[in-house]
Protein chains: 2
Amino acid sequence: MSKYDEIPYKIYLDEAEIPDKWYNVRADMKNKPAPLIHPGTLQPLKFEDMQPIFCDELIRQELNETDAYIPIPEPVHNFYKMYRPSPLTHATFLEKALDTPAHIFYKFEGNNTSGSHKLNSAIAQAYYAKEQGLKGVTTETGAGQWGTALSMACAFFGIDCKVYMVKVSYEQKPFRREVMRTYGASVTPSPSMDTNIGRKINAEHPGTTGSLGCAISEAVEVATSMPGYRYVLGSVLNQVLLHQSIIGLETKAACDKYGIKPDIIIGCAGGGSNLGGLIAPFMGEKLRGEADYRIIAIEPASCPSFTRGKFAYDFADTGMVCPMAKMYTLGHDFIPSANHAGGLRYHGMSTILSQLYHDGLMEARSVEQTAVFEAAELFARTEGILPAPESSHAIRAAIDEAIKCRETGEEKTIIFGLTGTGYFDMTAYESYNEGRMNDYVPTDEDLERGFATIPDLGL
Amino acid sequence: MSKYDEIPYKIYLDEAEIPDKWYNVRADMKNKPAPLIHPGTLQPLKFEDMQPIFCDELIRQELNETDAYIPIPEPVHNFYKMYRPSPLTHATFLEKALDTPAHIFYKFEGNNTSGSHKLNSAIAQAYYAKEQGLKGVTTETGAGQWGTALSMACAFFGIDCKVYMVKVSYEQKPFRREVMRTYGASVTPSPSMDTNIGRKINAEHPGTTGSLGCAISEAVEVATSMPGYRYVLGSVLNQVLLHQSIIGLETKAACDKYGIKPDIIIGCAGGGSNLGGLIAPFMGEKLRGEADYRIIAIEPASCPSFTRGKFAYDFADTGMVCPMAKMYTLGHDFIPSANHAGGLRYHGMSTILSQLYHDGLMEARSVEQTAVFEAAELFARTEGILPAPESSHAIRAAIDEAIKCRETGEEKTIIFGLTGTGYFDMTAYESYNEGRMNDYVPTDEDLERGFATIPDLGL
């Protein structure tokens, strides 16, 4: 008889229990995250500096370090009802397969057409753009999760959505592209011939298949040169972590309702949007001294920002068109091996999470690719959900902790974030199924080359 | 103020409200569906005739016309908890877009990794195979929905799963194939060189890309020649409709709980598994004279079994290796135009639904492809779910009924079955997005050629 036998396999909160406010963890942080700075002046970015690029209300949220709770606008809350509350599931089948005394729960964010948690912020960003009377927004997308979420959000509010998709993904992931087009977005392979930067890159590198840095540059150029447009971003930013706090707030509400007391909370970390959202209210309790939790960020061994990066000001993007952020970074020129299939490729990290990690409030761990897909396969077969490679990093760590419990006999409660589904990642699964997966880990020399691109600002 | 304003946008029954019995509509049918007959003897198939091919308990279910309720085994019920109860959603955003007084609800079966309702029967069939002590099962799959569901089910119960996948799909849908392999199934392109029939077809038609009929023949040959294996099928059969009644039972329970009184119930119909499951308990009430509903089957205009077919004994498969069934059929040689992208390609129909339609207990309607994808796009943009092309046939009809209500001012309540998601159907969406969709409808001459293949048995 386990202490959690009485609770349902899947906990769905009632619709009325969807939180009506986001939680802003910065309000409870003693050491605030360092501000974004302008690469030219090295001064903190002010509202006016950001206004040509971002929507006004989103800039206010980006800069807001004081309000712990920010109301969720009613139209966004209504949209949340379409796919939220997301289930908190008791992974009893996985526990049985692992023969562990640990209790494993996961918060599943993949039950929506975008297939991931990205929609939580996309709908908020589209709403504020609409409210400001804008015609549309621009963004970049790599694999396409964020672009899909934003297309859905823009379709719902009836504003235009221009997505610059890294050319190699545009060609290799036509399905993702068609989902976006079905939602009415225009999807342009990047580099394109529509922008100055695109034309320049195409001229200098004929036949290039593009990069996320270049797609960002194109999206920003279009947003700032077309009247009525702004640029939006799906991770890393404070505003995004704010919106994603809905994940953690629902998780916390479900825990409180059913008496679940987590010992360990685990999330995968690329730019930090999922992890930051999942842990927000738990970290808040920890910051206020009300409770303690082990909080663990999981990253790929091939792109180890937390575990092997430097805490320093660096450009937020490879193309050096964005501001600089103080974060754990591998250097803005660092690009993980082409053999890396598991996502989470960003060279840096959310400034909020970077500060929390620097202050010892959370741990980080890196995992290798084959071990991640082994965990994904076991999870798929026992719990019936095919996980995204990104999410599978968290599954790996949860399994490892549960195996430790089997060895020590401890009955720990583990919660992890299952950010999305893997339906559009079958190329990566194919590599795994055929034994072609590669566990590349950068050498110290590889890292040194990346670190050499971090500017020395004397800050 | 609408009569349904007080109910949640999405109705999730409690886990304890998942039905613990399937409902067998045949028990309440005055005119029972005609039995399957042996093509050689023209005699009704008996238990012993089917035993080399099907699992024993499933044959009993296939032949059971008397028990109205059949208990769901506990391990199957436990598996259902992973993804059931599925939500019954009030499509308020779609209603608003249509400016209709109608109330539209949909039962969404796509919230599981197989992406469709097929899992409801796959898990039952895998369970009975396991209980019988079998090593594994074989099946065919075209687009891959059924094969995926069966792979998941077999992985859960730890039995082998051999899928024969039509070669053209195997090559063009590598993602579906990889999902099945991730669940441990072996997936063989059909025709293969593993079977007598496969070798024969390859020899006679070098370079053939296969057909469902051929894949069925291979799967049956393997099941009957390998000790410890049986063949399983994902639609058409009585046992499959029985398992799928879980859809209708949950829908009915949600309606009863929240006071929803449907006037019209709509489902898409290929082989009939989804429609038969959705309508089962409602049809039961109708058969027992307890309530009345308009029940409408929707099929593609390019494969119009109900609306233009003949009610006659015909082979259940193109390859003529299966028994004969009395059903609405276009002739076992009828193959819809290659331009048809919307699924629902089966030439025949469930014998249960055929009898009910023949007895005037349900209606049928056909819809053309472009209109189906227009409905799919509107639904995706308003309700946030990218529907499978199959499901979108039902969406089209629900929208058409809601538009009629706008014109007449009637406040009808419409329920339709949303059988699955379209993530693996983006090639069809691409055709639509690029204006390349084709509304082919077979001519009377085309149909006559199909009808000519219906055997004249004098029955």
# chains A, B, ... in the order shown; residues from 1 in each chain; ligands from 1

call {"tool": "select_by_dssp", "arguments": {"residues": "region 323-453 of chain B", "states": "strand (DSSP E)", "output": "list in words"}}
result
Met324, Ala325, Lys326, Met327, Tyr328, Thr329, Glu363, Ala364, Arg365, Ser366, Val367, Thr413, Ile414, Ile415, Phe416, Gly417 and Leu418 of chain B

call {"tool": "closest_atom_pairs", "arguments": {"of": "chain B", "to": "chain A", "cutoff": "7 Å", "atoms": "only C-alpha atoms", "output": "JSON lines"}}
result
{"residue": "B:Pro8", "atom": "CA", "partner": "A:Glu15", "partner_atom": "CA", "distance": 6.6}
{"residue": "B:Tyr9", "atom": "CA", "partner": "A:Lys81", "partner_atom": "CA", "distance": 6.8}
{"residue": "B:Glu15", "atom": "CA", "partner": "A:Pro8", "partner_atom": "CA", "distance": 6.6}
{"residue": "B:Lys81", "atom": "CA", "partner": "A:Tyr9", "partner_atom": "CA", "distance": 6.8}
{"residue": "B:Asn111", "atom": "CA", "partner": "A:Asn111", "partner_atom": "CA", "distance": 6.4}
{"residue": "B:Asn112", "atom": "CA", "partner": "A:Ile385", "partner_atom": "CA", "distance": 6.8}
{"residue": "B:Thr113", "atom": "CA", "partner": "A:Ile385", "partner_atom": "CA", "distance": 5.3}
{"residue": "B:Met152", "atom": "CA", "partner": "A:Arg381", "partner_atom": "CA", "distance": 6.6}
{"residue": "B:Ala155", "atom": "CA", "partner": "A:Arg381", "partner_atom": "CA", "distance": 5.7}
{"residue": "B:Phe156", "atom": "CA", "partner": "A:Arg381", "partner_atom": "CA", "distance": 6.1}
{"residue": "B:Phe175", "atom": "CA", "partner": "A:Met426", "partner_atom": "CA", "distance": 5.3}
{"residue": "B:Glu178", "atom": "CA", "partner": "A:Glu430", "partner_atom": "CA", "distance": 5.9}
{"residue": "B:Thr182", "atom": "CA", "partner": "A:Glu377", "partner_atom": "CA", "distance": 6.4}
{"residue": "B:Tyr183", "atom": "CA", "partner": "A:Arg381", "partner_atom": "CA", "distance": 5.9}
{"residue": "B:Glu377", "atom": "CA", "partner": "A:Thr182", "partner_atom": "CA", "distance": 6.3}
{"residue": "B:Arg381", "atom": "CA", "partner": "A:Ala155", "partner_atom": "CA", "distance": 5.7}
{"residue": "B:Thr382", "atom": "CA", "partner": "A:Phe156", "partner_atom": "CA", "distance": 6.1}
{"residue": "B:Gly384", "atom": "CA", "partner": "A:Thr113", "partner_atom": "CA", "distance": 6.6}
{"residue": "B:Ile385", "atom": "CA", "partner": "A:Thr113", "partner_atom": "CA", "distance": 5.3}
{"residue": "B:Leu386", "atom": "CA", "partner": "A:Thr113", "partner_atom": "CA", "distance": 6.0}
{"residue": "B:Met426", "atom": "CA", "partner": "A:Phe175", "partner_atom": "CA", "distance": 5.3}
{"residue": "B:Tyr429", "atom": "CA", "partner": "A:Glu178", "partner_atom": "CA", "distance": 6.8}
{"residue": "B:Glu430", "atom": "CA", "partner": "A:Glu178", "partner_atom": "CA", "distance": 5.9}
{"residue": "B:Asn433", "atom": "CA", "partner": "A:Thr182", "partner_atom": "CA", "distance": 6.7}

call {"tool": "select_by_dssp", "arguments": {"residues": "region 306-426 of chain A", "states": "helix (DSSP H, G or I)", "output": "PyMOL selection string"}}
result
chain A and resi 306-308+351-358+369-383+389-408+426

call {"tool": "residues_around", "arguments": {"residues": "region 277-289 of chain B", "least_positions_apart": "3", "cutoff": "7 Å", "atoms": "only C-alpha atoms", "output": "MDAnalysis selection string"}}
result
chainID B and resid 23 25 28:29 241:242 244:249 273:274 292 417

call {"tool": "closest_residue", "arguments": {"among": "A:Asp444, A:Glu250, A:Glu109, A:Asp314", "to": "Leu418 (chain A)", "atoms": "only C-alpha atoms"}}
result
A:Glu109

call {"tool": "decode", "arguments": {"residues": "region 48-59 of chain B", "atoms": "all heavy atoms", "output": "mmCIF file, in the first residue's frame"}}
result
data_model
loop_
_atom_site.group_PDB
_atom_site.id
_atom_site.type_symbol
_atom_site.label_atom_id
_atom_site.label_comp_id
_atom_site.auth_asym_id
_atom_site.auth_seq_id
_atom_site.Cartn_x
_atom_site.Cartn_y
_atom_site.Cartn_z
ATOM 1 N N GLU B 48 -14.847 -22.947 -34.952
ATOM 2 C CA GLU B 48 -13.702 -23.765 -35.378
ATOM 3 C C GLU B 48 -13.086 -23.244 -36.681
ATOM 4 O O GLU B 48 -11.872 -23.357 -36.900
ATOM 5 C CB GLU B 48 -14.105 -25.228 -35.597
ATOM 6 C CG GLU B 48 -14.887 -25.858 -34.475
ATOM 7 C CD GLU B 48 -16.360 -25.479 -34.515
ATOM 8 O OE1 GLU B 48 -17.104 -25.980 -35.375
ATOM 9 O OE2 GLU B 48 -16.759 -24.624 -33.671
ATOM 10 N N ASP B 49 -13.954 -22.694 -37.559
ATOM 11 C CA ASP B 49 -13.426 -22.172 -38.824
ATOM 12 C C ASP B 49 -12.470 -21.001 -38.588
ATOM 13 O O ASP B 49 -11.519 -20.783 -39.335
ATOM 14 C CB ASP B 49 -14.571 -21.663 -39.714
ATOM 15 C CG ASP B 49 -15.544 -22.774 -40.089
ATOM 16 O OD1 ASP B 49 -15.082 -23.913 -40.266
ATOM 17 O OD2 ASP B 49 -16.754 -22.486 -40.184
ATOM 18 N N MET B 50 -12.811 -20.230 -37.561
ATOM 19 C CA MET B 50 -12.010 -19.015 -37.331
ATOM 20 C C MET B 50 -10.815 -19.252 -36.423
ATOM 21 O O MET B 50 -9.891 -18.436 -36.381
ATOM 22 C CB MET B 50 -12.903 -17.942 -36.690
ATOM 23 C CG MET B 50 -14.079 -17.525 -37.558
ATOM 24 S SD MET B 50 -14.827 -16.015 -36.920
ATOM 25 C CE MET B 50 -16.558 -16.458 -36.973
ATOM 26 N N GLN B 51 -10.815 -20.371 -35.696
ATOM 27 C CA GLN B 51 -9.808 -20.589 -34.660
ATOM 28 C C GLN B 51 -8.355 -20.529 -35.148
ATOM 29 O O GLN B 51 -7.497 -20.039 -34.418
ATOM 30 C CB GLN B 51 -10.086 -21.922 -33.960
ATOM 31 C CG GLN B 51 -9.800 -21.836 -32.476
ATOM 32 C CD GLN B 51 -10.183 -23.110 -31.754
ATOM 33 O OE1 GLN B 51 -10.572 -24.098 -32.350
ATOM 34 N NE2 GLN B 51 -10.047 -23.079 -30.433
ATOM 35 N N PRO B 52 -8.055 -21.019 -36.361
ATOM 36 C CA PRO B 52 -6.641 -20.924 -36.791
ATOM 37 C C PRO B 52 -6.194 -19.485 -37.024
ATOM 38 O O PRO B 52 -5.005 -19.197 -37.025
ATOM 39 C CB PRO B 52 -6.627 -21.695 -38.125
ATOM 40 C CG PRO B 52 -7.901 -22.479 -38.155
ATOM 41 C CD PRO B 52 -8.891 -21.717 -37.340
ATOM 42 N N ILE B 53 -7.161 -18.581 -37.224
ATOM 43 C CA ILE B 53 -6.817 -17.210 -37.588
ATOM 44 C C ILE B 53 -6.900 -16.250 -36.410
ATOM 45 O O ILE B 53 -6.005 -15.450 -36.170
ATOM 46 C CB ILE B 53 -7.760 -16.709 -38.717
ATOM 47 C CG1 ILE B 53 -7.688 -17.660 -39.915
ATOM 48 C CG2 ILE B 53 -7.418 -15.288 -39.117
ATOM 49 C CD1 ILE B 53 -8.652 -17.330 -41.030
ATOM 50 N N PHE B 54 -8.000 -16.340 -35.647
ATOM 51 C CA PHE B 54 -8.255 -15.359 -34.588
ATOM 52 C C PHE B 54 -8.093 -15.957 -33.193
ATOM 53 O O PHE B 54 -8.231 -17.170 -33.009
ATOM 54 C CB PHE B 54 -9.680 -14.806 -34.705
ATOM 55 C CG PHE B 54 -9.953 -14.022 -35.953
ATOM 56 C CD1 PHE B 54 -10.978 -14.404 -36.817
ATOM 57 C CD2 PHE B 54 -9.212 -12.893 -36.255
ATOM 58 C CE1 PHE B 54 -11.247 -13.669 -37.966
ATOM 59 C CE2 PHE B 54 -9.486 -12.149 -37.406
ATOM 60 C CZ PHE B 54 -10.505 -12.545 -38.269
ATOM 61 N N CYS B 55 -7.870 -15.110 -32.202
ATOM 62 C CA CYS B 55 -7.824 -15.530 -30.802
ATOM 63 C C CYS B 55 -9.206 -16.043 -30.374
ATOM 64 O O CYS B 55 -10.236 -15.489 -30.765
ATOM 65 C CB CYS B 55 -7.463 -14.355 -29.894
ATOM 66 S SG CYS B 55 -5.920 -13.572 -30.325
ATOM 67 N N ASP B 56 -9.209 -17.039 -29.531
ATOM 68 C CA ASP B 56 -10.458 -17.703 -29.142
ATOM 69 C C ASP B 56 -11.492 -16.727 -28.565
ATOM 70 O O ASP B 56 -12.655 -16.730 -28.962
ATOM 71 C CB ASP B 56 -10.178 -18.797 -28.094
ATOM 72 C CG ASP B 56 -9.390 -19.969 -28.688
ATOM 73 O OD1 ASP B 56 -9.131 -19.961 -29.916
ATOM 74 O OD2 ASP B 56 -9.015 -20.877 -27.921
ATOM 75 N N GLU B 57 -11.065 -15.933 -27.593
ATOM 76 C CA GLU B 57 -12.024 -15.069 -26.909
ATOM 77 C C GLU B 57 -12.594 -14.028 -27.874
ATOM 78 O O GLU B 57 -13.752 -13.628 -27.770
ATOM 79 C CB GLU B 57 -11.368 -14.382 -25.708
ATOM 80 C CG GLU B 57 -12.327 -13.647 -24.794
ATOM 81 C CD GLU B 57 -13.445 -14.548 -24.252
ATOM 82 O OE1 GLU B 57 -13.202 -15.739 -24.007
ATOM 83 O OE2 GLU B 57 -14.578 -14.033 -24.090
ATOM 84 N N LEU B 58 -11.763 -13.607 -28.815
ATOM 85 C CA LEU B 58 -12.237 -12.618 -29.791
ATOM 86 C C LEU B 58 -13.246 -13.248 -30.747
ATOM 87 O O LEU B 58 -14.175 -12.571 -31.196
ATOM 88 C CB LEU B 58 -11.042 -12.017 -30.551
ATOM 89 C CG LEU B 58 -10.137 -11.133 -29.675
ATOM 90 C CD1 LEU B 58 -8.808 -10.837 -30.382
ATOM 91 C CD2 LEU B 58 -10.839 -9.829 -29.311
ATOM 92 N N ILE B 59 -13.088 -14.517 -31.056
ATOM 93 C CA ILE B 59 -14.101 -15.201 -31.890
ATOM 94 C C ILE B 59 -15.424 -15.255 -31.131
ATOM 95 O O ILE B 59 -16.496 -15.005 -31.690
ATOM 96 C CB ILE B 59 -13.649 -16.636 -32.261
ATOM 97 C CG1 ILE B 59 -12.303 -16.605 -32.969
ATOM 98 C CG2 ILE B 59 -14.707 -17.312 -33.139
ATOM 99 C CD1 ILE B 59 -11.697 -17.986 -33.216
#
